[in-house]
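This report concerns only the one structure given below.
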Amino acid sequence: MEAVHFGAGNIGRGFIGALLHEAGYSVTFVDVNDELIQALKKREKYTVHIASDKQTSFEVTGVDGLNSQTEETEVLEALQKADAITTAVGTATLPMIAPIIAKGLTSRVDNNHVNVIACENAIRATSMLREEIFTHLTEGEKRIITHNVGFADAAVDRIVPSVASDDVLEVTVEPFFEWIVEKPSLAGDIQLGEATLVDDLAPYLERKLFTVNSGHAAAAYRGYRAGKERILDAMADTEIETHVRKILEETSIFLIENYGFNVEAHEAYVEKIMERFKNPYLQDTVVRVGRGPIRKLGEKDRIVRPAKAFAEKGKEAKYLIMTIIDALHFYADGDAESEKLKKMVQTEGELSAFLHFSGLSAEHPLAQQVKAKL
């Protein structure tokens with residue numbers, strides 16, 4: 001089986017690429033980072049380290065690399081033969097890779113099924129990619145692709161920290177992972193190894209977003225303001241650990257009310273997430289986790305959406321509101337979103353910046369709650 005994976009970064013190699021390899025795929029990575037691509041071409045393998053007390057490692061073999069900027073013909077050839085096409089590039093990059101995927105799908109000469117799965121830290125990322133791909137197709141091409149191509153949304157969860165190494169391909173990951181794929185959208189008989197196939201992805205997407213991502217962001221933003229370097233340092237601080245736990249109590253109320261999760265099972269899930277944040281073998285920094293604060297302050301994202309739901313019911317999510325304010329003070333050197341947010345906070349004030357980036361009106365009850373805390 002052949003897989004083409006867009007994004008040869010740490011998540012692509014350490015998470016999705018590794019799982020595809022274990023499922024029996026030969027994986028071709030596509031990226032614009034020529035150093036990574038040349039290393040993949042030359043060595044055809046890389047090492048994945050598991051960050052745990054056992055400190056185990058394994059090799060991902062039989063891999064290849066292609067530069068999408070200079071090897072378009074080769075990328076198209078790989079797409080023509082692929083059984084699976086996956087991504088881990090960030091949602092902002094999906095429109096940039098859509099044209100070549102569209103061209104690759106329309107150039108397939110057989111009627112064999114192929115599945116496209118965007119493995120991004122966002123809700124319904126594959127649906128986003130499908131929309132972008134379809135803007136490059138004729139009506140006739142859309143009909144053919146709809147028949148032969150599956151576009152399956154997925155929820156992905158694995159912490160892959162940035163770890164300094166002399167080996168450009170070496171990557172470290174936490175032991176825990178979830179790759180949950182919406183089964184009804186898959187085409188044909190596809191093998192995805194340790195992926196979990198479900199009929200309805202929505203509860204899993206939101207459980208992850210409003211537990212893992214909400215908690216991680218809260219630890220990063222509160223940790224940043226407290227002068228902590230790593231998530232581990234932040235979680236070792238009793239005040240911050242309590243703060244994160246309170247955040248997850250608020251998001252748990254939101255999730256249980258919306259999806260009817262079993263209370264005891266969800267509490268156990270929350271405890272598992274808290275332990276992951278405290279993993280002493282993950283040297284993850286608050287700056288890395290906190291990057292992209294504008295996206296994370298979006299109306300439908302990890303902090304604002306549950307806080308908004310509380311406010312619209314006449315309640316206040318005290319700790320989520322504190323995280324909103326913490327996020328407004330976050331800055332990471334070299335992070336474009338941090339630069340933009342910092343500039344607007346300095347020139348127009350915290351409330352104006354929050355309203356602008358969240359998309360809420362000044363009259364919204366959450367906006368009023370945030371204003372009262374500033």
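Naming works like this for the structure tokens: A, B, ... for the chains as they're shown, residue 1 at the start of each chain, ligands 1 onward in shown order.
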
Output as a ChimeraX atom specification all residues of region 317-367 of chain A that backbone DSSP marks as alpha helix (DSSP H). /A:318-328,336-348,350-358,365-367

Sorted by chain and rising residue number, list the residues of region 268-344 of chain A at most 7 Å from region 363-374 of chain A (counting only C-alpha atoms), each with its closest atom pair and distance in Å to one decimal, as CSV.
```
residue,atom,partner,partner_atom,distance
A:Lys308,CA,A:Leu366,CA,5.6
A:Ala311,CA,A:Leu366,CA,5.3
A:Glu312,CA,A:Pro365,CA,6.5
A:Ile321,CA,A:Val370,CA,6.2
```

Write out as CSV the residues of region 206-285 of chain A that have any atom within 10 Å of an atom of region 169-186 of chain A, one row each with the nearest atom pair and its distance in Å to one decimal, counting only C-alpha atoms, sorted by chain and then rising number.
```
residue,atom,partner,partner_atom,distance
A:Lys208,CA,A:Glu178,CA,9.5
A:Lys272,CA,A:Phe176,CA,9.5
A:Ile273,CA,A:Phe176,CA,9.6
A:Arg276,CA,A:Phe176,CA,8.0
A:Asn279,CA,A:Glu174,CA,8.3
A:Tyr281,CA,A:Glu174,CA,8.2
A:Leu282,CA,A:Glu174,CA,7.0
A:Gln283,CA,A:Thr172,CA,9.8
```

Quick one: residues within 8 Å of Val289 (chain A), only C-alpha atoms counted, chain neighbours fewer than 5 positions away excluded, as an MDAnalysis selection string? chainID A and resid 216:217 220 284

Could you check which of A:Leu355, A:Cys119, A:Val345, A:Leu328 is closest to Tyr224 (chain A), using only C-alpha atoms?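 Of the candidates, the smallest distance to Tyr224 (chain A) is held by A:Leu328.
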